[in-house]
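K.L.:
Dropping in protein-v8.txt, which is compact mmCIF, C-alpha atoms and all ligand atoms:
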# COMPACT_ATOMS: atom_id res chain seq x y z
CA MET Z 3 -22.50 0.36 38.56
CA TRP Z 4 -19.07 -0.25 40.07
CA ARG Z 5 -17.27 0.36 43.35
CA ARG Z 6 -15.99 3.80 44.16
CA ARG Z 7 -12.26 4.30 43.58
CA GLY Z 8 -10.31 3.12 46.63
CA GLU Z 9 -6.68 3.47 47.68
CA LEU Z 10 -4.11 1.85 45.39
CA LYS Z 11 -2.63 -1.35 46.78
CA ASP Z 12 1.15 -1.86 46.87
CA SER Z 13 1.01 -4.58 44.25
CA TYR Z 14 -1.28 -6.32 41.74
CA ASP Z 15 -0.97 -9.45 39.60
CA VAL Z 16 -1.85 -7.40 36.54
CA VAL Z 17 -1.91 -3.65 35.93
CA ILE Z 18 -3.91 -2.47 32.93
CA VAL Z 19 -3.12 1.01 31.68
CA GLY Z 20 -6.17 2.61 30.01
CA GLY Z 21 -9.82 2.48 31.04
CA GLY Z 22 -11.21 2.25 27.51
CA SER Z 23 -12.96 -0.68 25.85
CA HIS Z 24 -9.79 -2.79 25.49
CA GLY Z 25 -8.48 -2.31 29.03
CA LEU Z 26 -11.90 -3.02 30.54
CA ALA Z 27 -12.47 -6.05 28.30
CA ALA Z 28 -9.09 -7.48 29.35
CA ALA Z 29 -9.97 -7.00 33.04
CA TYR Z 30 -13.38 -8.59 32.46
CA TYR Z 31 -12.04 -11.71 30.68
CA LEU Z 32 -9.11 -12.12 33.12
CA ALA Z 33 -11.65 -12.61 35.90
CA LYS Z 34 -14.35 -14.40 33.93
CA GLU Z 35 -12.21 -16.97 32.13
CA HIS Z 36 -9.11 -17.30 34.31
CA GLY Z 37 -10.19 -16.29 37.81
CA ILE Z 38 -7.58 -13.49 37.91
CA GLY Z 39 -9.16 -10.67 39.90
CA ASN Z 40 -6.16 -9.03 41.56
CA VAL Z 41 -6.09 -6.48 38.75
CA ALA Z 42 -5.96 -2.68 38.62
CA VAL Z 43 -7.25 -0.65 35.66
CA LEU Z 44 -5.53 2.73 35.72
CA GLU Z 45 -7.20 5.51 33.75
CA LYS Z 46 -5.82 9.03 33.63
CA SER Z 47 -9.26 10.62 33.17
CA TYR Z 48 -12.78 9.20 33.60
CA ILE Z 49 -13.67 5.66 32.46
CA GLY Z 50 -14.50 5.72 28.73
CA SER Z 51 -13.06 9.21 28.17
CA GLY Z 52 -10.90 8.14 25.21
CA ALA Z 53 -11.90 6.78 21.82
CA ALA Z 54 -14.20 4.22 23.49
CA GLY Z 55 -16.63 7.05 24.24
CA ARG Z 56 -16.06 8.95 20.99
CA ASN Z 57 -16.28 6.35 18.25
CA THR Z 58 -19.05 5.89 15.72
CA THR Z 59 -19.83 2.35 16.91
CA ILE Z 60 -19.57 0.40 13.66
CA LEU Z 61 -19.05 -3.34 14.13
CA ARG Z 62 -18.21 -5.55 11.17
CA ALA Z 63 -15.93 -8.42 10.14
CA ASN Z 64 -15.54 -8.02 6.36
CA TYR Z 65 -11.81 -7.31 6.35
CA LYS Z 66 -9.52 -8.01 3.42
CA THR Z 67 -6.83 -10.31 4.78
CA PRO Z 68 -7.67 -13.80 6.06
CA GLU Z 69 -5.90 -12.94 9.35
CA GLY Z 70 -7.97 -9.77 9.79
CA ALA Z 71 -11.26 -11.33 8.69
CA ARG Z 72 -10.90 -14.26 11.12
CA PHE Z 73 -9.89 -11.98 13.99
CA TYR Z 74 -12.70 -9.42 13.58
CA ASP Z 75 -15.24 -12.18 12.96
CA ALA Z 76 -14.35 -13.75 16.30
CA SER Z 77 -14.90 -10.35 17.90
CA LEU Z 78 -18.27 -9.82 16.20
CA LYS Z 79 -19.40 -13.23 17.45
CA LEU Z 80 -18.39 -12.29 21.01
CA TYR Z 81 -20.29 -9.00 20.66
CA GLU Z 82 -23.39 -10.96 19.61
CA GLY Z 83 -23.43 -12.64 23.03
CA LEU Z 84 -21.90 -9.85 25.10
CA GLY Z 85 -25.16 -8.18 26.16
CA ALA Z 86 -26.36 -11.49 27.65
CA ASP Z 87 -22.94 -12.21 29.20
CA LEU Z 88 -22.84 -8.82 30.89
CA ASN Z 89 -26.58 -8.75 31.59
CA PHE Z 90 -26.59 -5.24 30.14
CA ASN Z 91 -28.50 -4.00 27.08
CA LEU Z 92 -25.85 -2.90 24.57
CA LEU Z 93 -28.41 -1.84 21.92
CA PHE Z 94 -26.69 -3.84 19.18
CA SER Z 95 -28.44 -3.48 15.78
CA GLN Z 96 -27.12 -5.81 13.09
CA ASN Z 97 -28.93 -4.18 10.19
CA GLY Z 98 -26.12 -4.48 7.65
CA HIS Z 99 -23.12 -2.54 6.36
CA LEU Z 100 -22.64 -1.31 2.79
CA THR Z 101 -19.27 -0.26 1.34
CA LEU Z 102 -19.98 1.59 -1.90
CA ALA Z 103 -17.97 1.03 -5.08
CA HIS Z 104 -17.70 3.96 -7.48
CA SER Z 105 -15.35 2.54 -10.14
CA ASP Z 106 -14.46 -0.69 -11.95
CA ARG Z 107 -11.37 -0.98 -9.79
CA ALA Z 108 -13.43 -0.62 -6.61
CA MET Z 109 -15.83 -3.33 -7.85
CA PHE Z 110 -12.86 -5.63 -8.35
CA VAL Z 111 -11.51 -4.93 -4.85
CA MET Z 112 -14.96 -5.53 -3.29
CA ALA Z 113 -15.36 -8.82 -5.18
CA ASN Z 114 -11.98 -9.88 -3.88
CA ARG Z 115 -12.90 -8.97 -0.29
CA ALA Z 116 -16.20 -10.84 -0.59
CA GLU Z 117 -14.29 -13.97 -1.68
CA VAL Z 118 -11.84 -13.78 1.24
CA ASN Z 119 -14.76 -13.22 3.59
CA ARG Z 120 -16.80 -16.13 2.29
CA ILE Z 121 -13.84 -18.53 2.45
CA ASN Z 122 -13.61 -17.58 6.12
CA GLY Z 123 -17.32 -18.14 6.71
CA ILE Z 124 -18.23 -14.44 6.83
CA ASP Z 125 -21.51 -13.30 5.28
CA SER Z 126 -20.40 -10.76 2.67
CA ARG Z 127 -21.17 -10.29 -1.03
CA LEU Z 128 -21.02 -7.86 -3.92
CA ILE Z 129 -24.42 -6.38 -4.77
CA GLN Z 130 -25.78 -4.30 -7.65
CA PRO Z 131 -27.54 -0.89 -7.53
CA ASP Z 132 -31.04 -2.45 -7.52
CA GLU Z 133 -30.36 -4.24 -4.24
CA ILE Z 134 -28.65 -1.17 -2.78
CA LYS Z 135 -31.83 0.80 -3.48
CA ARG Z 136 -33.91 -1.79 -1.66
CA LEU Z 137 -31.60 -1.69 1.38
CA ALA Z 138 -31.24 2.09 1.49
CA PRO Z 139 -34.27 3.55 -0.32
CA ALA Z 140 -33.52 7.08 0.91
CA MET Z 141 -30.09 7.17 -0.70
CA GLN Z 142 -29.57 8.71 -4.15
CA VAL Z 143 -28.26 5.68 -6.03
CA ASP Z 144 -28.72 6.39 -9.75
CA ASP Z 145 -28.12 10.11 -10.14
CA PRO Z 146 -26.93 10.56 -13.77
CA HIS Z 147 -24.90 13.65 -12.72
CA ALA Z 148 -23.20 12.03 -9.71
CA VAL Z 149 -19.51 12.85 -9.32
CA TYR Z 150 -19.13 9.42 -7.74
CA PRO Z 151 -21.64 7.12 -9.51
CA ILE Z 152 -22.59 4.06 -7.45
CA GLN Z 153 -21.70 0.91 -9.39
CA GLY Z 154 -22.24 -1.60 -6.61
CA ALA Z 155 -21.44 -2.29 -2.98
CA LEU Z 156 -19.94 -4.84 -0.65
CA TYR Z 157 -22.88 -5.94 1.49
CA HIS Z 158 -22.17 -7.36 4.95
CA PRO Z 159 -25.49 -8.29 6.62
CA PRO Z 160 -24.16 -8.94 10.18
CA GLY Z 161 -22.46 -5.53 10.36
CA GLY Z 162 -24.13 -2.77 12.33
CA VAL Z 163 -23.93 -0.39 15.24
CA ILE Z 164 -23.95 -0.73 19.02
CA ARG Z 165 -24.21 1.75 21.89
CA HIS Z 166 -20.58 2.53 22.76
CA ASP Z 167 -21.22 3.93 26.25
CA ALA Z 168 -23.23 0.85 27.14
CA VAL Z 169 -20.31 -1.37 26.07
CA VAL Z 170 -17.95 0.63 28.31
CA TRP Z 171 -20.32 0.64 31.29
CA GLY Z 172 -21.22 -3.04 30.90
CA LEU Z 173 -17.58 -4.11 30.69
CA ALA Z 174 -16.61 -1.83 33.60
CA ARG Z 175 -19.35 -3.33 35.77
CA GLY Z 176 -18.38 -6.85 34.70
CA ALA Z 177 -14.70 -6.23 35.46
CA ASP Z 178 -15.54 -4.72 38.84
CA ARG Z 179 -17.76 -7.67 39.77
CA GLY Z 180 -14.92 -10.00 38.82
CA GLY Z 181 -12.68 -8.28 41.35
CA ALA Z 182 -10.73 -5.77 39.24
CA GLU Z 183 -10.26 -2.33 40.78
CA LEU Z 184 -11.07 0.63 38.53
CA HIS Z 185 -8.91 3.69 39.23
CA PRO Z 186 -10.03 6.72 37.26
CA TYR Z 187 -7.90 9.88 37.44
CA THR Z 188 -4.78 7.77 37.93
CA GLU Z 189 -2.14 8.56 35.34
CA VAL Z 190 0.77 6.25 34.62
CA THR Z 191 3.94 8.31 34.46
CA GLY Z 192 6.61 5.61 34.26
CA ILE Z 193 7.21 1.86 33.93
CA GLU Z 194 9.87 0.32 36.17
CA ARG Z 195 12.04 -2.45 34.73
CA ARG Z 196 14.86 -4.66 35.90
CA ASN Z 197 16.93 -7.01 33.69
CA GLY Z 198 14.49 -6.61 30.81
CA SER Z 199 11.38 -7.40 32.89
CA VAL Z 200 8.58 -5.24 34.23
CA GLU Z 201 8.83 -4.52 37.97
CA GLY Z 202 6.14 -1.91 38.50
CA VAL Z 203 4.40 1.27 37.36
CA ARG Z 204 4.73 4.83 38.61
CA THR Z 205 1.55 6.89 38.80
CA ASN Z 206 0.48 10.32 40.00
CA ARG Z 207 -0.83 8.47 43.11
CA GLY Z 208 2.29 6.48 43.91
CA THR Z 209 4.20 3.43 42.69
CA ILE Z 210 2.74 -0.07 42.31
CA LYS Z 211 4.62 -3.34 42.02
CA THR Z 212 3.57 -5.78 39.30
CA LYS Z 213 5.15 -8.28 36.93
CA THR Z 214 2.51 -7.82 34.22
CA VAL Z 215 1.41 -4.63 32.48
CA LEU Z 216 -1.10 -4.37 29.63
CA ASN Z 217 -0.74 -1.14 27.70
CA CYS Z 218 -4.29 -0.51 26.43
CA THR Z 219 -3.96 3.20 25.76
CA ALA Z 220 -4.75 3.29 22.00
CA GLY Z 221 -4.01 6.89 20.88
CA TRP Z 222 -1.43 7.28 23.65
CA SER Z 223 0.08 3.78 23.31
CA SER Z 224 3.42 4.86 21.84
CA ILE Z 225 3.98 7.28 24.77
CA VAL Z 226 3.23 4.62 27.38
CA SER Z 227 5.31 2.00 25.53
CA GLU Z 228 8.23 4.41 25.43
CA MET Z 229 8.08 4.50 29.25
CA ALA Z 230 8.96 0.78 29.12
CA GLY Z 231 11.65 1.34 26.49
CA VAL Z 232 9.53 -0.26 23.74
CA GLU Z 233 9.35 1.61 20.46
CA LEU Z 234 6.08 1.21 18.52
CA PRO Z 235 5.74 2.15 14.82
CA ILE Z 236 2.67 4.24 15.60
CA THR Z 237 1.59 7.74 14.62
CA THR Z 238 -1.31 9.41 16.40
CA HIS Z 239 -3.89 11.44 14.48
CA ILE Z 240 -7.34 12.82 15.20
CA LEU Z 241 -10.51 11.45 13.69
CA GLN Z 242 -13.64 13.60 13.71
CA ALA Z 243 -17.36 12.88 13.61
CA CYS Z 244 -20.59 14.84 13.89
CA VAL Z 245 -24.34 14.36 14.20
CA THR Z 246 -27.29 16.29 12.86
CA GLU Z 247 -30.36 17.18 14.86
CA PRO Z 248 -32.71 14.15 15.24
CA LEU Z 249 -34.73 13.31 12.13
CA LYS Z 250 -37.50 10.83 11.40
CA PRO Z 251 -35.88 7.40 10.82
CA PHE Z 252 -34.94 6.92 7.15
CA LEU Z 253 -31.76 4.80 7.21
CA ASP Z 254 -31.07 1.58 9.10
CA VAL Z 255 -27.94 0.30 7.32
CA VAL Z 256 -24.43 1.76 7.63
CA ILE Z 257 -23.21 3.45 4.43
CA VAL Z 258 -19.49 3.80 3.77
CA SER Z 259 -17.68 5.29 0.79
CA SER Z 260 -13.89 5.16 0.91
CA GLN Z 261 -13.56 7.16 -2.30
CA MET Z 262 -15.81 9.95 -1.01
CA HIS Z 263 -14.18 9.77 2.45
CA VAL Z 264 -17.52 9.63 4.19
CA TYR Z 265 -19.64 7.20 6.21
CA ILE Z 266 -23.16 7.67 7.44
CA SER Z 267 -25.60 5.96 9.79
CA GLN Z 268 -28.67 7.02 11.71
CA THR Z 269 -28.71 6.58 15.46
CA ASP Z 270 -31.61 5.21 17.51
CA ARG Z 271 -32.33 8.81 18.52
CA GLY Z 272 -32.67 9.81 14.84
CA GLU Z 273 -29.45 11.80 14.60
CA VAL Z 274 -27.58 11.33 11.32
CA LEU Z 275 -24.06 10.32 12.29
CA MET Z 276 -21.31 11.24 9.82
CA GLY Z 277 -17.60 10.65 9.80
CA ALA Z 278 -14.61 10.74 7.53
CA GLU Z 279 -10.95 9.79 7.30
CA ILE Z 280 -8.30 10.75 9.90
CA GLU Z 281 -6.68 14.16 9.61
CA PRO Z 282 -3.27 13.77 7.96
CA TRP Z 283 -1.26 15.57 10.66
CA THR Z 284 -0.12 13.99 13.92
CA THR Z 285 -1.44 15.47 17.14
CA TYR Z 286 -2.77 14.70 20.62
CA ARG Z 287 -5.04 17.74 20.59
CA MET Z 288 -8.62 16.55 20.25
CA GLN Z 289 -9.95 19.63 18.52
CA GLY Z 290 -12.30 19.59 15.53
CA THR Z 291 -11.98 21.64 12.34
CA LEU Z 292 -14.40 23.58 10.16
CA ASN Z 293 -12.84 21.97 7.12
CA PHE Z 294 -14.05 18.56 8.32
CA LEU Z 295 -17.62 19.81 8.69
CA GLN Z 296 -17.56 21.31 5.20
CA GLU Z 297 -16.15 18.20 3.53
CA VAL Z 298 -18.28 15.65 5.36
CA SER Z 299 -21.45 17.68 4.71
CA ARG Z 300 -20.62 18.07 1.02
CA HIS Z 301 -20.17 14.33 0.53
CA ALA Z 302 -23.14 13.36 2.69
CA LEU Z 303 -25.34 15.64 0.57
CA GLU Z 304 -24.21 13.91 -2.63
CA LEU Z 305 -25.69 10.69 -1.21
CA PHE Z 306 -28.58 12.20 0.74
CA PRO Z 307 -29.57 15.57 -0.81
CA GLN Z 308 -32.66 15.64 1.43
CA LEU Z 309 -30.33 16.51 4.35
CA GLU Z 310 -29.69 19.93 2.82
CA ARG Z 311 -31.54 21.82 5.56
CA ALA Z 312 -30.57 19.55 8.47
CA ARG Z 313 -28.53 21.31 11.13
CA ILE Z 314 -25.37 19.91 12.72
CA LEU Z 315 -26.03 19.34 16.42
CA ARG Z 316 -22.51 18.60 17.64
CA SER Z 317 -19.09 17.42 16.48
CA TRP Z 318 -16.08 15.97 18.27
CA ALA Z 319 -12.67 14.40 17.75
CA GLY Z 320 -10.76 11.46 19.21
CA LEU Z 321 -7.28 10.01 18.89
CA CYS Z 322 -6.31 7.17 16.55
CA ASP Z 323 -3.08 5.17 16.78
CA LEU Z 324 -2.16 4.23 13.24
CA SER Z 325 0.20 1.36 12.37
CA PRO Z 326 1.99 1.15 8.99
CA ASP Z 327 -0.18 -1.75 7.70
CA TYR Z 328 -3.51 -0.68 9.23
CA SER Z 329 -3.53 -3.80 11.41
CA PRO Z 330 -3.20 -3.90 15.19
CA ILE Z 331 -0.06 -4.55 17.22
CA LEU Z 332 -1.01 -7.06 19.87
CA GLY Z 333 0.65 -9.13 22.54
CA ARG Z 334 4.16 -9.49 23.90
CA THR Z 335 7.04 -7.05 23.51
CA GLU Z 336 10.77 -7.42 24.07
CA VAL Z 337 10.24 -6.38 27.70
CA GLU Z 338 9.12 -9.42 29.69
CA GLY Z 339 5.66 -8.84 31.17
CA PHE Z 340 4.92 -5.72 29.10
CA HIS Z 341 2.11 -6.42 26.60
CA VAL Z 342 0.42 -4.04 24.17
CA SER Z 343 -2.92 -3.52 22.47
CA SER Z 344 -2.20 -0.85 19.92
CA GLY Z 345 -2.38 0.14 16.26
CA TRP Z 346 -6.15 0.48 16.36
CA GLY Z 347 -6.41 3.42 14.00
CA THR Z 348 -10.05 4.13 13.23
CA TYR Z 349 -11.35 0.59 13.74
CA GLY Z 350 -10.47 -0.76 17.20
CA PHE Z 351 -13.80 -0.58 19.00
CA LYS Z 352 -15.14 -3.61 17.15
CA ALA Z 353 -12.12 -5.60 18.40
CA ALA Z 354 -12.55 -4.91 22.13
CA PRO Z 355 -14.03 -8.29 23.20
CA ILE Z 356 -11.57 -10.44 21.26
CA VAL Z 357 -8.64 -8.29 22.43
CA GLY Z 358 -9.78 -8.70 26.03
CA LYS Z 359 -10.24 -12.43 25.64
CA THR Z 360 -6.94 -13.14 23.86
CA LEU Z 361 -4.81 -10.84 26.04
CA ALA Z 362 -6.33 -12.44 29.13
CA GLU Z 363 -5.40 -15.87 27.72
CA LEU Z 364 -1.85 -14.68 26.98
CA VAL Z 365 -1.45 -13.39 30.54
CA ALA Z 366 -2.98 -16.46 32.16
CA THR Z 367 -1.22 -19.15 30.11
CA GLY Z 368 1.93 -17.42 28.85
CA ARG Z 369 1.05 -18.54 25.31
CA THR Z 370 0.09 -16.23 22.44
CA PRO Z 371 -3.31 -17.34 21.04
CA ASP Z 372 -3.17 -18.27 17.33
CA LEU Z 373 -5.73 -15.61 16.44
CA ILE Z 374 -3.42 -12.74 17.44
CA GLU Z 375 -0.08 -14.28 16.47
CA PRO Z 376 -0.07 -12.52 13.03
CA PHE Z 377 -0.34 -9.14 14.80
CA ALA Z 378 2.86 -9.44 16.85
CA LEU Z 379 5.17 -6.42 16.99
CA GLU Z 380 7.97 -8.52 15.42
CA ARG Z 381 6.19 -8.53 12.06
CA PHE Z 382 7.68 -5.12 11.28
CA TYR Z 383 11.17 -6.58 11.72
CA GLU Z 384 10.40 -9.83 9.89
CA ASP Z 385 8.73 -8.31 6.84
CA ARG Z 386 5.36 -10.04 7.28
CA LEU Z 387 2.90 -7.16 7.28
CA VAL Z 388 -0.86 -7.78 7.34
CA SER Z 389 -2.03 -5.03 5.01
CA GLU Z 390 -5.60 -3.90 5.59
CA LEU Z 391 -5.07 -0.67 3.68
CA ALA Z 392 -7.99 -1.33 1.33
CA ALA Z 393 -10.44 -2.43 4.02
CA ALA Z 394 -9.69 -0.28 7.06
CA ALA Z 395 -9.16 3.50 7.09
CA VAL Z 396 -12.42 5.31 6.33
CA SER Z 397 -14.36 2.05 6.49
CA HIS Z 398 -13.92 1.88 10.28
C1 LIG F 401 -14.38 9.60 15.89
C2 LIG F 401 -14.00 8.15 15.97
C3 LIG F 401 -14.77 7.20 15.33
C4 LIG F 401 -14.44 5.85 15.40
N1 LIG F 401 -15.29 4.93 14.85
C5 LIG F 401 -15.06 3.61 15.02
C6 LIG F 401 -16.01 2.66 14.55
O1 LIG F 401 -17.05 3.03 14.00
N2 LIG F 401 -15.74 1.34 14.75
C7 LIG F 401 -14.61 0.91 15.38
O2 LIG F 401 -14.42 -0.30 15.50
N3 LIG F 401 -13.69 1.79 15.84
C8 LIG F 401 -13.89 3.13 15.69
N4 LIG F 401 -12.98 4.05 16.17
C9 LIG F 401 -11.74 3.57 16.79
C10 LIG F 401 -11.97 3.08 18.20
O3 LIG F 401 -12.75 3.99 18.92
C11 LIG F 401 -10.61 2.86 18.90
O4 LIG F 401 -9.74 2.13 18.08
C12 LIG F 401 -10.78 2.09 20.23
O5 LIG F 401 -11.79 2.69 21.01
C13 LIG F 401 -9.45 2.05 20.96
O6 LIG F 401 -9.49 1.21 22.09
P1 LIG F 401 -9.93 1.72 23.54
O7 LIG F 401 -11.42 1.83 23.58
O8 LIG F 401 -9.34 0.82 24.54
O9 LIG F 401 -9.22 3.14 23.59
P2 LIG F 401 -9.51 4.42 24.50
O10 LIG F 401 -10.94 4.55 24.86
O11 LIG F 401 -8.87 5.58 23.82
O12 LIG F 401 -8.74 4.05 25.82
C14 LIG F 401 -7.42 4.40 26.11
C15 LIG F 401 -7.43 5.07 27.47
O13 LIG F 401 -6.10 5.19 27.94
C16 LIG F 401 -6.07 6.32 28.78
N5 LIG F 401 -4.65 6.71 28.98
C17 LIG F 401 -3.81 7.23 28.06
N6 LIG F 401 -2.60 7.46 28.61
C18 LIG F 401 -2.69 7.06 29.92
C19 LIG F 401 -1.76 7.05 31.01
N7 LIG F 401 -0.50 7.49 30.87
N8 LIG F 401 -2.21 6.60 32.20
C20 LIG F 401 -3.48 6.14 32.38
N9 LIG F 401 -4.40 6.15 31.37
C21 LIG F 401 -3.99 6.59 30.15
C22 LIG F 401 -6.88 7.34 28.02
O14 LIG F 401 -7.34 8.40 28.83
C23 LIG F 401 -8.01 6.47 27.44
O15 LIG F 401 -9.18 6.52 28.23
C24 LIG F 401 -13.27 5.42 16.10
C25 LIG F 401 -12.47 6.38 16.73
C26 LIG F 401 -12.83 7.73 16.70
C27 LIG F 401 -11.97 8.73 17.40
Write out the structure in this file as C-alpha cells.
P.N.:
Amino acid sequence: MWRRRGELKDSYDVVIVGGGSHGLAAAYYLAKEHGIGNVAVLEKSYIGSGAAGRNTTILRANYKTPEGARFYDASLKLYEGLGADLNFNLLFSQNGHLTLAHSDRAMFVMANRAEVNRINGIDSRLIQPDEIKRLAPAMQVDDPHAVYPIQGALYHPPGGVIRHDAVVWGLARGADRGGAELHPYTEVTGIERRNGSVEGVRTNRGTIKTKTVLNCTAGWSSIVSEMAGVELPITTHILQACVTEPLKPFLDVVIVSSQMHVYISQTDRGEVLMGAEIEPWTTYRMQGTLNFLQEVSRHALELFPQLERARILRSWAGLCDLSPDYSPILGRTEVEGFHVSSGWGTYGFKAAPIVGKTLAELVATGRTPDLIEPFALERFYEDRLVSELAAAAVSH
C-alpha cells in the first residue's frame, strides 16, 4: 500500500505531526494540488492508531452555524468524490441521518437548523413521526410509555457512514504516491523555534529541520502545541463506542438522540454500532467503562427493544480534543510556520478532506482560505466564537 519506513532526512519542506485522517489528508492534498512532495508525516504509533481508526464514521453537514454548515458541506462533497480520486473503495453509504427531537424546544432547534442548512444549500428538513417510521421501520417511534417520546426529527438525506480504515489507508497510499514519507513509530518530542518562527522538530529518531509544521494530533494537539509555545484552549476527554454481535440488517439510516445521549447505526457486517457523549473527565487513558455500556444499552433498548438479547461484541475508547465552542481551531498560530488542526471533539473525521485541502492551500500560498478563516485561534481573543453546541457533541 505504501513504501516501508525509511531513514529520516535532515530536512523537509513540511513536517506533519500525526498520521491520522487529517495529517494524511494534508499530505495527500499538498502533493495532489500543489506539487509539494518533500513532506514527512510523523506518527508516534501505527498509521491510523488514533481517533481515525476508532471513530463511528458518521459523515454529515447539517451543522447549526452558517460557518460550520458551509465548512462541513464542502467536506462531504469532497468525500463523495474521494473514493474515485484515491481509486480506493471507501464503502460510503449515504442512506440518511436522523436527529430525533423529544420536546417542543428540540423541535424548534431542529427547525432552526433546517433553515440554516437550506439557506446554505444543504438537504435537511424537519420530519414528523410518520416519515420517521418509514425511514426506520424497526425503531419504536410511538410508544405511549416512552420516557423520551419522539416528536419529530431533523432528516439529512446525504448523511451516512463510511469505512474509516479505508479512508486512512486510501489517503496514506495517495500521500505516499505523491511523494510524502510516512514515518510510523516516530514521536515528536519538541519543536525548535528561533525569533518566533519554526526551525525544526525533535523526534525519538533525531532532529529534522523544517520551516513548516502542521500539528494534526487531535486528542494530543494541546501537548504538541505547547512544545511550540502555543497555548490551545483544548481539553482532552475519552469517547467510547461499542458494537453488538452481527445481526440481520434492520437499520440503514443513522439515528441520533442528543437528549438520550445515544446514537445508533448498523454496519455493513450487521453489527449494531452504538455511541454516546464524551466522558466528563479529562484524560489521555483510552480505557472504557462499564457505566458507558450500561447507559448506552439502556437508551438503545428504549429505541430498539428487540435488541434485548443481543450481546456486546467489543467496545473501545478514543481521545477527543474539545474546544470551548465545539468548533475546530484551524490554521496559523502566533508562531510563524506552526499551523494547527485541532478542536475536533467528537466530530472531526467528517472534516478530514476539507482540512487537508485547506491546510495544503494555506501552506502553499501563505493565505488562509475563506472557508477556515472563522475557525482561527484568534477568535477566542476577539470574542467571535462559532458555537456549535446544539449541533455537535453527541451528534458527531
Ligand atoms: C469513539 C469515537 C467516535 C467518533 N465518531 C465520529 C463520527 O462518527 N464522525 C466524525 O466525524 N468524527 C467522529 N469522531 C471524532 C474523530 O474521530 C476525530 O475528530 C478525528 O479522527 C481527529 O482527526 P485525526 O483522524 O487526524 O486524529 P487521530 O487519528 O487521533 O490522529 C492524531 C495522531 O497523532 C498522533 N500523535 C499524537 N502525538 C504525537 C506526537 N507527539 N508525535 C507523533 N504523533 C503523535 C497520534 O498517535 C494519532 O495517530 C469520533 C471519535 C471517537 C473517539
K.L.:
If you count only C-alpha atoms, which residues fall within 10 Å of Pro371 in chain Z, apart from same-chain ones fewer than 3 positions away, as a PyMOL selection string?
P.N.:
chain Z and resi 333+359-364+367-368+374-376
K.L.:
With C-alpha atoms retained, could you export that selection as a PDB file, in the coordinates of the input?
P.N.:
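Once written, again.pdb looks like this:
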ATOM      1  CA  GLY Z 333       0.650  -9.130  22.540  1.00  0.00           C
ATOM      2  CA  LYS Z 359     -10.240 -12.430  25.640  1.00  0.00           C
ATOM      3  CA  THR Z 360      -6.940 -13.140  23.860  1.00  0.00           C
ATOM      4  CA  LEU Z 361      -4.810 -10.840  26.040  1.00  0.00           C
ATOM      5  CA  ALA Z 362      -6.330 -12.440  29.130  1.00  0.00           C
ATOM      6  CA  GLU Z 363      -5.400 -15.870  27.720  1.00  0.00           C
ATOM      7  CA  LEU Z 364      -1.850 -14.680  26.980  1.00  0.00           C
ATOM      8  CA  THR Z 367      -1.220 -19.150  30.110  1.00  0.00           C
ATOM      9  CA  GLY Z 368       1.930 -17.420  28.850  1.00  0.00           C
ATOM     10  CA  ILE Z 374      -3.420 -12.740  17.440  1.00  0.00           C
ATOM     11  CA  GLU Z 375      -0.080 -14.280  16.470  1.00  0.00           C
ATOM     12  CA  PRO Z 376      -0.070 -12.520  13.030  1.00  0.00           C
TER      13      PRO Z 376
END
K.L.:
Residues near Pro251 in chain Z, anyone? I mean within 12 Å using only C-alpha atoms, not counting same-chain ones fewer than 6 positions away, as a ChimeraX atom specification.
P.N.:
/Z:138-140,267-274
K.L.:
Find the residues around range 142-146 of chain Z up to 12 Å (only C-alpha atoms counted), leave out those fewer than 5 positions away in its own chain, and share them as a list in words.
P.N.:
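Listing them by chain and then by number gives Leu102, Ala103, His104, Gln130, Pro131, Asp132, Glu133, Ile134, Lys135, Arg136, Leu137, Pro151, Ile152, Gln153, Gly154, Ala155, Ile257, His301, Ala302, Leu303, Glu304, Leu305, Phe306, Pro307, Gln308 and Leu309 of chain Z.
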K.L.:
Please produce an output containing C-alpha atoms for each residue in the selection, written as a CSV table (one decimal), in the coordinates of the input.
P.N.:
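File produced: out33.csv:
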chain,number,residue,atom,x,y,z
Z,102,LEU,CA,-20.0,1.6,-1.9
Z,103,ALA,CA,-18.0,1.0,-5.1
Z,104,HIS,CA,-17.7,4.0,-7.5
Z,130,GLN,CA,-25.8,-4.3,-7.6
Z,131,PRO,CA,-27.5,-0.9,-7.5
Z,132,ASP,CA,-31.0,-2.4,-7.5
Z,133,GLU,CA,-30.4,-4.2,-4.2
Z,134,ILE,CA,-28.6,-1.2,-2.8
Z,135,LYS,CA,-31.8,0.8,-3.5
Z,136,ARG,CA,-33.9,-1.8,-1.7
Z,137,LEU,CA,-31.6,-1.7,1.4
Z,151,PRO,CA,-21.6,7.1,-9.5
Z,152,ILE,CA,-22.6,4.1,-7.4
Z,153,GLN,CA,-21.7,0.9,-9.4
Z,154,GLY,CA,-22.2,-1.6,-6.6
Z,155,ALA,CA,-21.4,-2.3,-3.0
Z,257,ILE,CA,-23.2,3.4,4.4
Z,301,HIS,CA,-20.2,14.3,0.5
Z,302,ALA,CA,-23.1,13.4,2.7
Z,303,LEU,CA,-25.3,15.6,0.6
Z,304,GLU,CA,-24.2,13.9,-2.6
Z,305,LEU,CA,-25.7,10.7,-1.2
Z,306,PHE,CA,-28.6,12.2,0.7
Z,307,PRO,CA,-29.6,15.6,-0.8
Z,308,GLN,CA,-32.7,15.6,1.4
Z,309,LEU,CA,-30.3,16.5,4.4
K.L.:
Just checking: using all atoms listed in the file, which residue out of Z:Val19, Z:Ser260, Z:Ile314, Z:Ser389 ends up closest to Ala108 in chain Z?
P.N.:
Z:Ser260
K.L.:
Return as JSON the box centre and box size in Å, one decimal, for an axis-aligned box around all listed atoms of range 301-320 of chain Z padded by 8 Å per side.
P.N.:
{"center_x": -21.7, "center_y": 16.3, "center_z": 8.3, "size_x": 37.9, "size_y": 27.1, "size_z": 37.8}
K.L.:
Please check which protein, DNA or RNA residues sit within 6 Å of ligand LIG 401 (chain F), counting all atoms listed in the file, and write them as an MDAnalysis selection string.
P.N.:
chainID Z and resid 19:25 44:47 50:54 56:61 188:191 218:222 226 241:243 319:322 346:352 398
K.L.:
Up to 8 Å from (-8.1, -12.7, 31.0) in the file's coordinates: name the residues, counting only C-alpha atoms, as a list in words.
P.N.:
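Residues close enough to count: Ala28, Ala29, Tyr30, Tyr31, Leu32, Ala33, Lys34, Glu35, His36, Gly37, Ile38, Gly358, Lys359, Thr360, Leu361, Ala362, Glu363, Leu364, Val365 and Ala366 of chain Z.
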